[in-house]
$ cat query_36.pdb   # PDB, C-alpha atoms
ATOM      1  CA  MET A  53       0.000   0.000   0.000
ATOM      2  CA  PHE A  54       1.268   3.410  -0.847
ATOM      3  CA  GLY A  55      -0.562   5.836   1.412
ATOM      4  CA  ALA A  56      -1.459   5.238   5.053
ATOM      5  CA  GLY A  57      -4.526   7.405   5.287
ATOM      6  CA  PRO A  58      -7.790   5.717   6.225
ATOM      7  CA  VAL A  59      -8.219   4.188   2.759
ATOM      8  CA  GLY A  60      -4.677   2.812   2.582
ATOM      9  CA  LEU A  61      -4.816   1.482   6.132
ATOM     10  CA  MET A  62      -8.148  -0.225   5.483
ATOM     11  CA  ALA A  63      -6.740  -1.701   2.259
ATOM     12  CA  ALA A  64      -3.805  -3.079   4.256
ATOM     13  CA  TYR A  65      -6.153  -4.459   6.906
ATOM     14  CA  SER A  66      -8.374  -6.036   4.245
ATOM     15  CA  SER A  67      -5.341  -7.615   2.577
ATOM     16  CA  LEU A  68      -4.320  -9.196   5.855
ATOM     17  CA  LEU A  69      -7.888 -10.414   6.471
ATOM     18  CA  LYS A  70      -7.876 -11.984   3.004
ATOM     19  CA  GLY A  71      -4.679 -13.893   3.782
ATOM     20  CA  ALA A  72      -1.816 -11.796   2.426
ATOM     21  CA  ALA A  73       1.413 -13.204   3.848
ATOM     22  CA  ARG A  74       3.059  -9.796   4.060
ATOM     23  CA  VAL A  75       1.802  -6.257   3.558
ATOM     24  CA  PHE A  76       3.981  -3.160   3.217
ATOM     25  CA  VAL A  77       2.531   0.269   3.970
ATOM     26  CA  VAL A  78       4.410   3.302   2.638
ATOM     27  CA  ASP A  79       3.908   6.778   4.104
ATOM     28  CA  LYS A  80       5.867   9.369   6.053
ATOM     29  CA  GLU A  81       3.486  10.180   8.915
ATOM     30  CA  PRO A  82       4.727   8.402  12.075
ATOM     31  CA  ASP A  83       1.286   7.964  13.659
ATOM     32  CA  ARG A  84      -0.088   6.352  10.500
ATOM     33  CA  LEU A  85       2.934   4.086  10.127
ATOM     34  CA  ASP A  86       2.478   3.077  13.776
ATOM     35  CA  LEU A  87      -1.120   2.071  12.991
ATOM     36  CA  ALA A  88       0.120   0.007  10.045
ATOM     37  CA  ALA A  89       2.534  -1.834  12.331
ATOM     38  CA  ARG A  90      -0.196  -2.322  14.923
ATOM     39  CA  ILE A  91      -2.321  -4.318  12.458
ATOM     40  CA  GLY A  92       0.635  -6.452  11.376
ATOM     41  CA  ALA A  93       1.801  -4.618   8.266
ATOM     42  CA  THR A  94       5.403  -3.607   7.620
ATOM     43  CA  PRO A  95       5.712   0.191   7.694
ATOM     44  CA  VAL A  96       8.044   1.921   5.219
ATOM     45  CA  ASP A  97       8.837   5.596   5.863
ATOM     46  CA  PHE A  98       9.534   7.158   2.470
ATOM     47  CA  SER A  99      11.074  10.229   4.114
ATOM     48  CA  GLU A 100      13.819   7.975   5.527
ATOM     49  CA  THR A 101      14.346   5.429   2.758
ATOM     50  CA  ASP A 102      13.631   4.773  -0.901
ATOM     51  CA  PRO A 103      10.428   2.693  -0.722
ATOM     52  CA  GLY A 104      11.187   0.800  -3.918
ATOM     53  CA  LEU A 105      14.590  -0.318  -2.679
ATOM     54  CA  ALA A 106      13.233  -1.152   0.775
ATOM     55  CA  ILE A 107      10.440  -3.345  -0.590
ATOM     56  CA  MET A 108      12.615  -5.040  -3.201
ATOM     57  CA  ASP A 109      15.272  -5.762  -0.553
ATOM     58  CA  ALA A 110      12.643  -7.136   1.840
ATOM     59  CA  THR A 111      11.312  -9.477  -0.866
ATOM     60  CA  ASP A 112      14.748 -10.682  -2.037
ATOM     61  CA  GLY A 113      14.269  -8.819  -5.311
ATOM     62  CA  PHE A 114      11.014 -10.537  -6.249
ATOM     63  CA  GLY A 115       8.669  -7.657  -5.492
ATOM     64  CA  VAL A 116       5.070  -7.924  -4.378
ATOM     65  CA  ASP A 117       2.118  -9.645  -6.030
ATOM     66  CA  CYS A 118      -0.223  -6.661  -5.792
ATOM     67  CA  GLY A 119       0.008  -2.989  -4.979
ATOM     68  CA  VAL A 120      -2.520  -0.370  -3.987
ATOM     69  CA  GLU A 121      -2.216   3.281  -4.913
ATOM     70  CA  ALA A 122      -4.045   5.062  -2.082
ATOM     71  CA  VAL A 123      -2.557   8.541  -2.488
ATOM     72  CA  GLY A 124      -3.817  10.000  -5.761
ATOM     73  CA  TYR A 125      -2.938  13.040  -7.805
ATOM     74  CA  GLN A 126      -1.682  15.060  -4.833
ATOM     75  CA  ALA A 127       1.257  12.723  -4.104
ATOM     76  CA  HIS A 128       4.313  14.595  -2.932
ATOM     77  CA  ASP A 129       7.895  13.887  -1.996
ATOM     78  CA  PRO A 130       9.209  14.298   1.582
ATOM     79  CA  SER A 131       9.990  17.980   0.938
ATOM     80  CA  GLY A 132       6.349  18.624   0.025
ATOM     81  CA  GLU A 133       6.829  19.000  -3.732
ATOM     82  CA  GLU A 134       3.937  17.538  -5.709
ATOM     83  CA  HIS A 135       4.598  14.610  -8.062
ATOM     84  CA  PRO A 136       1.261  13.136  -9.218
ATOM     85  CA  GLU A 137       2.986  10.207 -10.976
ATOM     86  CA  MET A 138       5.351   9.311  -8.129
ATOM     87  CA  VAL A 139       3.305   6.586  -6.471
ATOM     88  CA  LEU A 140       2.353   4.904  -9.751
ATOM     89  CA  ASP A 141       6.038   4.785 -10.711
ATOM     90  CA  ASN A 142       6.968   3.314  -7.319
ATOM     91  CA  LEU A 143       4.298   0.639  -7.620
ATOM     92  CA  ILE A 144       5.383  -0.323 -11.120
ATOM     93  CA  GLU A 145       8.878  -0.757  -9.700
ATOM     94  CA  VAL A 146       7.855  -3.034  -6.798
ATOM     95  CA  VAL A 147       5.000  -5.076  -8.300
ATOM     96  CA  ARG A 148       6.310  -8.266  -9.858
ATOM     97  CA  ALA A 149       5.812  -9.201 -13.496
ATOM     98  CA  THR A 150       2.161 -10.160 -14.175
ATOM     99  CA  GLY A 151       1.128  -8.588 -10.861
ATOM    100  CA  HIS A 152      -1.717  -6.176 -10.246
ATOM    101  CA  ILE A 153      -2.094  -2.542  -9.196
ATOM    102  CA  GLY A 154      -5.325  -1.151  -7.812
ATOM    103  CA  VAL A 155      -5.621   2.619  -8.051
ATOM    104  CA  VAL A 156      -7.971   3.855  -5.347
ATOM    105  CA  GLY A 157      -6.313   7.226  -4.762
ATOM    106  CA  VAL A 158      -8.277  10.023  -6.407
ATOM    107  CA  TYR A 159      -7.257  11.333  -9.831
ATOM    108  CA  VAL A 160      -9.117  14.202 -11.462
ATOM    109  CA  PRO A 161      -9.786  15.159 -15.091
ATOM    110  CA  GLU A 162      -8.064  18.495 -14.457
ATOM    111  CA  ASP A 163      -6.129  20.154 -11.641
ATOM    112  CA  PRO A 164      -5.615  23.890 -12.248
ATOM    113  CA  GLY A 165      -3.325  24.104  -9.205
ATOM    114  CA  ALA A 166      -1.026  21.279 -10.322
ATOM    115  CA  ALA A 167       2.748  21.542 -10.291
ATOM    116  CA  TYR A 168       3.144  21.246 -14.089
ATOM    117  CA  GLY A 169       1.225  21.666 -17.345
ATOM    118  CA  LEU A 170       0.211  18.099 -18.149
ATOM    119  CA  ALA A 171      -1.028  17.478 -14.602
ATOM    120  CA  LYS A 172      -3.151  20.622 -14.859
ATOM    121  CA  GLN A 173      -4.935  18.855 -17.727
ATOM    122  CA  GLY A 174      -5.290  15.595 -15.757
ATOM    123  CA  ARG A 175      -2.582  13.940 -17.890
ATOM    124  CA  LEU A 176       0.208  12.126 -16.067
ATOM    125  CA  PRO A 177       3.428  10.809 -17.575
ATOM    126  CA  PHE A 178       4.259   7.640 -15.663
ATOM    127  CA  GLU A 179       6.176   4.419 -16.345
ATOM    128  CA  TYR A 180       3.450   2.873 -18.479
ATOM    129  CA  GLY A 181       5.993   1.241 -20.808
ATOM    130  CA  GLN A 182       7.550  -0.575 -17.857
ATOM    131  CA  ALA A 183       4.111  -1.658 -16.620
ATOM    132  CA  PHE A 184       3.316  -2.981 -20.096
ATOM    133  CA  THR A 185       6.646  -4.814 -20.347
ATOM    134  CA  LYS A 186       6.093  -6.439 -16.941
ATOM    135  CA  GLY A 187       2.512  -7.415 -17.852
ATOM    136  CA  ILE A 188       1.108  -5.568 -14.841
ATOM    137  CA  SER A 189      -2.634  -5.004 -14.837
ATOM    138  CA  LEU A 190      -3.906  -1.676 -13.556
ATOM    139  CA  ALA A 191      -7.459  -1.023 -12.462
ATOM    140  CA  GLY A 192      -9.063   1.846 -10.633
ATOM    141  CA  GLY A 193     -12.063   4.006 -10.097
ATOM    142  CA  GLN A 194     -14.765   4.428  -7.524
ATOM    143  CA  CYS A 195     -15.425   1.521  -5.185
ATOM    144  CA  PRO A 196     -18.615  -0.432  -5.879
ATOM    145  CA  VAL A 197     -19.635  -0.308  -2.207
ATOM    146  CA  LYS A 198     -22.771  -2.426  -2.571
ATOM    147  CA  ARG A 199     -20.648  -5.264  -3.945
ATOM    148  CA  TYR A 200     -18.768  -5.574  -0.658
ATOM    149  CA  ASN A 201     -20.873  -4.118   2.158
ATOM    150  CA  ARG A 202     -22.682  -7.337   3.165
ATOM    151  CA  GLU A 203     -19.489  -9.402   3.230
ATOM    152  CA  LEU A 204     -17.748  -6.749   5.329
ATOM    153  CA  ARG A 205     -20.717  -6.474   7.690
ATOM    154  CA  ASP A 206     -20.687 -10.239   8.157
ATOM    155  CA  LEU A 207     -16.957 -10.242   8.968
ATOM    156  CA  ILE A 208     -17.608  -7.640  11.654
ATOM    157  CA  THR A 209     -20.622  -9.381  13.191
ATOM    158  CA  ALA A 210     -18.718 -12.687  13.223
ATOM    159  CA  ASP A 211     -15.844 -10.971  15.107
ATOM    160  CA  ARG A 212     -13.428 -11.730  12.270
ATOM    161  CA  ALA A 213     -12.858  -8.042  11.553
ATOM    162  CA  ALA A 214     -12.785  -5.045  13.879
ATOM    163  CA  PRO A 215     -12.207  -1.942  11.763
ATOM    164  CA  SER A 216     -12.939   0.490  14.602
ATOM    165  CA  TRP A 217      -9.185   0.719  15.321
ATOM    166  CA  ILE A 218      -8.989   3.261  12.482
ATOM    167  CA  VAL A 219     -11.072   5.831  14.410
ATOM    168  CA  SER A 220      -8.788   8.367  16.040
ATOM    169  CA  HIS A 221     -11.304  11.001  17.151
ATOM    170  CA  GLU A 222     -15.018  11.322  17.835
ATOM    171  CA  VAL A 223     -16.403  14.844  17.810
ATOM    172  CA  PRO A 224     -19.780  16.592  17.713
ATOM    173  CA  LEU A 225     -21.062  17.690  14.303
ATOM    174  CA  ASP A 226     -20.379  21.323  15.203
ATOM    175  CA  ASP A 227     -16.640  20.519  15.278
ATOM    176  CA  ALA A 228     -16.605  18.924  11.805
ATOM    177  CA  VAL A 229     -14.846  21.788  10.002
ATOM    178  CA  ASP A 230     -12.076  21.985  12.596
ATOM    179  CA  ALA A 231     -11.669  18.201  12.690
ATOM    180  CA  TYR A 232     -11.393  18.008   8.898
ATOM    181  CA  ALA A 233      -8.793  20.795   8.860
ATOM    182  CA  LYS A 234      -6.738  18.861  11.429
ATOM    183  CA  PHE A 235      -7.138  15.627   9.455
ATOM    184  CA  ASP A 236      -6.122  17.369   6.218
ATOM    185  CA  ALA A 237      -3.037  18.865   7.907
ATOM    186  CA  ARG A 238      -2.157  15.468   9.487
ATOM    187  CA  GLU A 239      -2.285  17.076  12.945
ATOM    188  CA  ASP A 240      -2.523  15.358  16.306
ATOM    189  CA  GLY A 241      -2.810  11.840  14.926
ATOM    190  CA  TYR A 242      -6.081  12.523  13.116
ATOM    191  CA  THR A 243      -6.670   9.393  11.061
ATOM    192  CA  LYS A 244     -10.440   8.933  10.902
ATOM    193  CA  VAL A 245     -13.009  11.123  12.618
ATOM    194  CA  LEU A 246     -16.518  10.057  13.590
ATOM    195  CA  LEU A 247     -19.047  12.857  13.744
ATOM    196  CA  HIS A 248     -21.903  12.703  16.247
ATOM    197  CA  PRO A 249     -24.973  14.813  15.359
TER     198      PRO A 249
END

$ encode --input "query_36.pdb" --output "structure tokens"
Amino acid sequence: MFGAGPVGLMAAYSSLLKGAARVFVVDKEPDRLDLAARIGATPVDFSETDPGLAIMDATDGFGVDCGVEAVGYQAHDPSGEEHPEMVLDNLIEVVRATGHIGVVGVYVPEDPGAAYGLAKQGRLPFEYGQAFTKGISLAGGQCPVKRYNRELRDLITADRAAPSWIVSHEVPLDDAVDAYAKFDAREDGYTKVLLHP
């Protein structure tokens, strides 16, 4: 998983529930990486190490079977500079030949505030030729929630899954704007906020 926000962390958790032998979670926020470790994933801090090298070293050069892009078009390097293609390139590097990449991070048709011209038009140059050569399949888009909600509910009611660990804060509805601002700024360990009307 690249991205340890709530979506990336839940993807890691789901992978472990589905039987993945090993799950890597790449991010730079210490509290989010701590949550990844808490559920049994291997955290990789991309501000301290090259995530591609770290994952390839940890897998004896084989790479991973599947990767999840849970960052999207606002991906940035440790200095804060935006690189919308960065995570896709990293995944193409670490996913083995004939593996799979799921793109669940948000990409938009246009981004007027993007760092460069093509990205402003929603066009991203990324290592597609390498993905093609390796036979990697890429899929993405909005989640078909109704396809999975009953299965997930049943895992919870059978005590096989307990996703409530992702909730970091519970606040009244009146505090929603402040809580979102803190979440967006990655402040105070804000991972997932429940709002109470």

$ closest_residue --input "query_36.pdb" --among "A:Asp117, A:Glu239, A:Asp230, A:Glu134" --to "Glu81 (chain A)" --atoms "only C-alpha atoms"
A:Glu239

$ residues_near_point --input "query_36.pdb" --point "(-2.4, -3.4, -12.9)" --cutoff "10 Å" --atoms "all atoms listed in the file" --output "ChimeraX atom specification"
/A:118-120,143-144,147,150-155,183-184,186-192

$ write_last_selection --input "query_36.pdb" --atoms "C-alpha atoms" --output "PDB file, keeping the file's coordinate frame"
ATOM      1  CA  CYS A 118      -0.223  -6.661  -5.792  1.00  0.00           C
ATOM      2  CA  GLY A 119       0.008  -2.989  -4.979  1.00  0.00           C
ATOM      3  CA  VAL A 120      -2.520  -0.370  -3.987  1.00  0.00           C
ATOM      4  CA  LEU A 143       4.298   0.639  -7.620  1.00  0.00           C
ATOM      5  CA  ILE A 144       5.383  -0.323 -11.120  1.00  0.00           C
ATOM      6  CA  VAL A 147       5.000  -5.076  -8.300  1.00  0.00           C
ATOM      7  CA  THR A 150       2.161 -10.160 -14.175  1.00  0.00           C
ATOM      8  CA  GLY A 151       1.128  -8.588 -10.861  1.00  0.00           C
ATOM      9  CA  HIS A 152      -1.717  -6.176 -10.246  1.00  0.00           C
ATOM     10  CA  ILE A 153      -2.094  -2.542  -9.196  1.00  0.00           C
ATOM     11  CA  GLY A 154      -5.325  -1.151  -7.812  1.00  0.00           C
ATOM     12  CA  VAL A 155      -5.621   2.619  -8.051  1.00  0.00           C
ATOM     13  CA  ALA A 183       4.111  -1.658 -16.620  1.00  0.00           C
ATOM     14  CA  PHE A 184       3.316  -2.981 -20.096  1.00  0.00           C
ATOM     15  CA  LYS A 186       6.093  -6.439 -16.941  1.00  0.00           C
ATOM     16  CA  GLY A 187       2.512  -7.415 -17.852  1.00  0.00           C
ATOM     17  CA  ILE A 188       1.108  -5.568 -14.841  1.00  0.00           C
ATOM     18  CA  SER A 189      -2.634  -5.004 -14.837  1.00  0.00           C
ATOM     19  CA  LEU A 190      -3.906  -1.676 -13.556  1.00  0.00           C
ATOM     20  CA  ALA A 191      -7.459  -1.023 -12.462  1.00  0.00           C
ATOM     21  CA  GLY A 192      -9.063   1.846 -10.633  1.00  0.00           C
TER      22      GLY A 192
END

$ closest_atom_pairs --input "query_36.pdb" --of "region 159-219 of chain A" --to "region 58-77 of chain A" --cutoff "8 Å" --atoms "only C-alpha atoms" --output "Markdown table"
| residue | atom | partner | partner_atom | distance |
| --- | --- | --- | --- | --- |
| A:Ala213 | CA | A:Leu69 | CA | 7.5 |
| A:Pro215 | CA | A:Met62 | CA | 7.7 |
| A:Ile218 | CA | A:Pro58 | CA | 6.8 |

$ closest_residue --input "query_36.pdb" --among "A:Arg205, A:His128, A:Lys80, A:Arg238" --to "Ala167 (chain A)" --atoms "all atoms listed in the file"
A:His128

$ resolve_selection --input "query_36.pdb" --expression "the PyMOL selection byres ((chain A and resi 220) around 6)" --output "ChimeraX atom specification"
/A:219,221,242-244

$ write_last_selection --input "query_36.pdb" --atoms "C-alpha atoms" --output "JSON list (two decimals), in the coordinates of the input"
[["chain", "number", "residue", "atom", "x", "y", "z"],
["A", 219, "VAL", "CA", -11.07, 5.83, 14.41],
["A", 221, "HIS", "CA", -11.30, 11.00, 17.15],
["A", 242, "TYR", "CA", -6.08, 12.52, 13.12],
["A", 243, "THR", "CA", -6.67, 9.39, 11.06],
["A", 244, "LYS", "CA", -10.44, 8.93, 10.90]]

$ closest_atom_pairs --input "query_36.pdb" --of "region 129-221 of chain A" --to "region 94-109 of chain A" --cutoff "8 Å" --atoms "only C-alpha atoms" --output "JSON lines"
{"residue": "A:Asp129", "atom": "CA", "partner": "A:Ser99", "partner_atom": "CA", "distance": 7.8}
{"residue": "A:Pro130", "atom": "CA", "partner": "A:Ser99", "partner_atom": "CA", "distance": 5.1}
{"residue": "A:Asn142", "atom": "CA", "partner": "A:Gly104", "partner_atom": "CA", "distance": 6.0}
{"residue": "A:Leu143", "atom": "CA", "partner": "A:Gly104", "partner_atom": "CA", "distance": 7.8}
{"residue": "A:Glu145", "atom": "CA", "partner": "A:Gly104", "partner_atom": "CA", "distance": 6.4}
{"residue": "A:Val146", "atom": "CA", "partner": "A:Gly104", "partner_atom": "CA", "distance": 5.8}

$ closest_residue --input "query_36.pdb" --among "A:Asp83, A:His248, A:Ala228, A:Arg148" --to "Val116 (chain A)" --atoms "all atoms listed in the file"
A:Arg148

$ atom_distance --input "query_36.pdb" --atom1 "CA of Ala89 (chain A)" --atom2 "CA of Cys195 (chain A)"
25.3 Å

$ closest_residue --input "query_36.pdb" --among "A:Ala149, A:Val78, A:Ala127, A:Ala214" --to "Gly115 (chain A)" --atoms "all atoms listed in the file"
A:Ala149

$ residues_around --input "query_36.pdb" --residues "Glu162 (chain A)" --least-positions-apart "3" --cutoff "6 Å" --atoms "all atoms listed in the file" --output "ChimeraX atom specification"
/A:172-174

$ axis_aligned_box --input "query_36.pdb" --around "region 143-153 of chain A" --padding-each-side "4 Å" --output "lines of an AutoDock Vina configuration file"
center_x = 3.4
center_y = -4.8
center_z = -10.5
size_x = 19.0
size_y = 18.8
size_z = 15.4

$ atom_distance --input "query_36.pdb" --atom1 "CA of Pro136 (chain A)" --atom2 "CA of Gly124 (chain A)"
6.9 Å

$ atom_distance --input "query_36.pdb" --atom1 "CA of Asp163 (chain A)" --atom2 "CA of Gly241 (chain A)"
28.0 Å

$ resolve_selection --input "query_36.pdb" --expression "the PyMOL selection byres ((chain A and resi 249) around 12)" --output "short mmCIF file (atom, residue, chain, number, x, y, z; two decimals) with C-alpha atoms, keeping the file's coordinate frame"
data_model
loop_
_atom_site.label_atom_id
_atom_site.label_comp_id
_atom_site.auth_asym_id
_atom_site.auth_seq_id
_atom_site.Cartn_x
_atom_site.Cartn_y
_atom_site.Cartn_z
CA GLU A 222 -15.02 11.32 17.84
CA VAL A 223 -16.40 14.84 17.81
CA PRO A 224 -19.78 16.59 17.71
CA LEU A 225 -21.06 17.69 14.30
CA ASP A 226 -20.38 21.32 15.20
CA ASP A 227 -16.64 20.52 15.28
CA ALA A 228 -16.60 18.92 11.80
CA LEU A 246 -16.52 10.06 13.59
CA LEU A 247 -19.05 12.86 13.74
CA HIS A 248 -21.90 12.70 16.25
#

$ residues_around --input "query_36.pdb" --residues "Arg84 (chain A)" --least-positions-apart "3" --cutoff "7 Å" --atoms "all atoms listed in the file" --output "number ranges by chain"
A: 56-57, 81, 87-88

$ closest_residue --input "query_36.pdb" --among "A:Asp112, A:Phe54, A:Arg199, A:Val245" --to "Ser216 (chain A)" --atoms "all atoms listed in the file"
A:Val245

$ residues_around --input "query_36.pdb" --residues "Gly157 (chain A)" --least-positions-apart "5" --cutoff "8 Å" --atoms "all atoms listed in the file" --output "number ranges by chain"
A: 121-125

$ build_atoms --input "query_36.pdb" --residues "region 158-180 of chain A" --atoms "N, CA, C and O atoms" --output "PDB file, in the frame of the given file"
ATOM      1  N   VAL A 158      -7.463   9.212  -5.499  1.00  0.00           N
ATOM      2  CA  VAL A 158      -8.277  10.023  -6.407  1.00  0.00           C
ATOM      3  C   VAL A 158      -7.409  10.700  -7.469  1.00  0.00           C
ATOM      4  O   VAL A 158      -6.375  11.291  -7.161  1.00  0.00           O
ATOM      5  N   TYR A 159      -7.845  10.595  -8.711  1.00  0.00           N
ATOM      6  CA  TYR A 159      -7.257  11.333  -9.831  1.00  0.00           C
ATOM      7  C   TYR A 159      -8.384  12.120 -10.476  1.00  0.00           C
ATOM      8  O   TYR A 159      -9.517  11.640 -10.556  1.00  0.00           O
ATOM      9  N   VAL A 160      -8.082  13.313 -10.940  1.00  0.00           N
ATOM     10  CA  VAL A 160      -9.117  14.202 -11.462  1.00  0.00           C
ATOM     11  C   VAL A 160      -8.872  14.510 -12.936  1.00  0.00           C
ATOM     12  O   VAL A 160      -7.734  14.450 -13.404  1.00  0.00           O
ATOM     13  N   PRO A 161      -9.943  14.842 -13.677  1.00  0.00           N
ATOM     14  CA  PRO A 161      -9.786  15.159 -15.091  1.00  0.00           C
ATOM     15  C   PRO A 161      -8.938  16.411 -15.334  1.00  0.00           C
ATOM     16  O   PRO A 161      -8.329  16.557 -16.386  1.00  0.00           O
ATOM     17  N   GLU A 162      -8.924  17.324 -14.355  1.00  0.00           N
ATOM     18  CA  GLU A 162      -8.064  18.495 -14.457  1.00  0.00           C
ATOM     19  C   GLU A 162      -7.758  19.006 -13.050  1.00  0.00           C
ATOM     20  O   GLU A 162      -8.531  18.804 -12.123  1.00  0.00           O
ATOM     21  N   ASP A 163      -6.582  19.624 -12.927  1.00  0.00           N
ATOM     22  CA  ASP A 163      -6.129  20.154 -11.641  1.00  0.00           C
ATOM     23  C   ASP A 163      -5.441  21.493 -11.896  1.00  0.00           C
ATOM     24  O   ASP A 163      -4.221  21.530 -12.091  1.00  0.00           O
ATOM     25  N   PRO A 164      -6.199  22.587 -11.929  1.00  0.00           N
ATOM     26  CA  PRO A 164      -5.615  23.890 -12.248  1.00  0.00           C
ATOM     27  C   PRO A 164      -4.453  24.293 -11.332  1.00  0.00           C
ATOM     28  O   PRO A 164      -3.579  25.047 -11.739  1.00  0.00           O
ATOM     29  N   GLY A 165      -4.401  23.759 -10.121  1.00  0.00           N
ATOM     30  CA  GLY A 165      -3.325  24.104  -9.205  1.00  0.00           C
ATOM     31  C   GLY A 165      -2.145  23.156  -9.251  1.00  0.00           C
ATOM     32  O   GLY A 165      -1.271  23.214  -8.384  1.00  0.00           O
ATOM     33  N   ALA A 166      -2.085  22.294 -10.250  1.00  0.00           N
ATOM     34  CA  ALA A 166      -1.026  21.279 -10.322  1.00  0.00           C
ATOM     35  C   ALA A 166       0.350  21.903 -10.523  1.00  0.00           C
ATOM     36  O   ALA A 166       0.491  23.043 -10.953  1.00  0.00           O
ATOM     37  N   ALA A 167       1.363  21.087 -10.230  1.00  0.00           N
ATOM     38  CA  ALA A 167       2.748  21.542 -10.291  1.00  0.00           C
ATOM     39  C   ALA A 167       3.248  21.763 -11.727  1.00  0.00           C
ATOM     40  O   ALA A 167       4.169  22.533 -11.940  1.00  0.00           O
ATOM     41  N   TYR A 168       2.676  21.078 -12.714  1.00  0.00           N
ATOM     42  CA  TYR A 168       3.144  21.246 -14.089  1.00  0.00           C
ATOM     43  C   TYR A 168       1.985  21.122 -15.069  1.00  0.00           C
ATOM     44  O   TYR A 168       0.893  20.677 -14.718  1.00  0.00           O
ATOM     45  N   GLY A 169       2.257  21.527 -16.329  1.00  0.00           N
ATOM     46  CA  GLY A 169       1.225  21.666 -17.345  1.00  0.00           C
ATOM     47  C   GLY A 169       0.377  20.450 -17.626  1.00  0.00           C
ATOM     48  O   GLY A 169      -0.847  20.537 -17.658  1.00  0.00           O
ATOM     49  N   LEU A 170       1.000  19.288 -17.845  1.00  0.00           N
ATOM     50  CA  LEU A 170       0.211  18.099 -18.149  1.00  0.00           C
ATOM     51  C   LEU A 170      -0.711  17.736 -16.994  1.00  0.00           C
ATOM     52  O   LEU A 170      -1.866  17.372 -17.201  1.00  0.00           O
ATOM     53  N   ALA A 171      -0.208  17.814 -15.774  1.00  0.00           N
ATOM     54  CA  ALA A 171      -1.028  17.478 -14.602  1.00  0.00           C
ATOM     55  C   ALA A 171      -2.211  18.429 -14.476  1.00  0.00           C
ATOM     56  O   ALA A 171      -3.282  18.033 -14.019  1.00  0.00           O
ATOM     57  N   LYS A 172      -2.039  19.665 -14.896  1.00  0.00           N
ATOM     58  CA  LYS A 172      -3.151  20.622 -14.859  1.00  0.00           C
ATOM     59  C   LYS A 172      -4.300  20.142 -15.748  1.00  0.00           C
ATOM     60  O   LYS A 172      -5.451  20.430 -15.491  1.00  0.00           O
ATOM     61  N   GLN A 173      -3.942  19.398 -16.797  1.00  0.00           N
ATOM     62  CA  GLN A 173      -4.935  18.855 -17.727  1.00  0.00           C
ATOM     63  C   GLN A 173      -5.390  17.446 -17.332  1.00  0.00           C
ATOM     64  O   GLN A 173      -6.112  16.794 -18.081  1.00  0.00           O
ATOM     65  N   GLY A 174      -4.926  16.943 -16.184  1.00  0.00           N
ATOM     66  CA  GLY A 174      -5.290  15.595 -15.757  1.00  0.00           C
ATOM     67  C   GLY A 174      -4.514  14.512 -16.491  1.00  0.00           C
ATOM     68  O   GLY A 174      -4.890  13.347 -16.472  1.00  0.00           O
ATOM     69  N   ARG A 175      -3.404  14.889 -17.133  1.00  0.00           N
ATOM     70  CA  ARG A 175      -2.582  13.940 -17.890  1.00  0.00           C
ATOM     71  C   ARG A 175      -1.291  13.709 -17.114  1.00  0.00           C
ATOM     72  O   ARG A 175      -0.621  14.654 -16.732  1.00  0.00           O
ATOM     73  N   LEU A 176      -0.962  12.444 -16.873  1.00  0.00           N
ATOM     74  CA  LEU A 176       0.208  12.126 -16.067  1.00  0.00           C
ATOM     75  C   LEU A 176       1.186  11.241 -16.828  1.00  0.00           C
ATOM     76  O   LEU A 176       0.835  10.136 -17.236  1.00  0.00           O
ATOM     77  N   PRO A 177       2.420  11.696 -17.004  1.00  0.00           N
ATOM     78  CA  PRO A 177       3.428  10.809 -17.575  1.00  0.00           C
ATOM     79  C   PRO A 177       3.952   9.889 -16.470  1.00  0.00           C
ATOM     80  O   PRO A 177       4.450  10.350 -15.450  1.00  0.00           O
ATOM     81  N   PHE A 178       3.740   8.594 -16.633  1.00  0.00           N
ATOM     82  CA  PHE A 178       4.259   7.640 -15.663  1.00  0.00           C
ATOM     83  C   PHE A 178       4.813   6.444 -16.434  1.00  0.00           C
ATOM     84  O   PHE A 178       4.679   6.358 -17.645  1.00  0.00           O
ATOM     85  N   GLU A 179       5.449   5.531 -15.732  1.00  0.00           N
ATOM     86  CA  GLU A 179       6.176   4.419 -16.345  1.00  0.00           C
ATOM     87  C   GLU A 179       5.248   3.377 -16.966  1.00  0.00           C
ATOM     88  O   GLU A 179       5.341   2.189 -16.668  1.00  0.00           O
ATOM     89  N   TYR A 180       4.378   3.818 -17.869  1.00  0.00           N
ATOM     90  CA  TYR A 180       3.450   2.873 -18.479  1.00  0.00           C
ATOM     91  C   TYR A 180       4.172   1.815 -19.308  1.00  0.00           C
ATOM     92  O   TYR A 180       3.794   0.644 -19.311  1.00  0.00           O
TER      93      TYR A 180
END
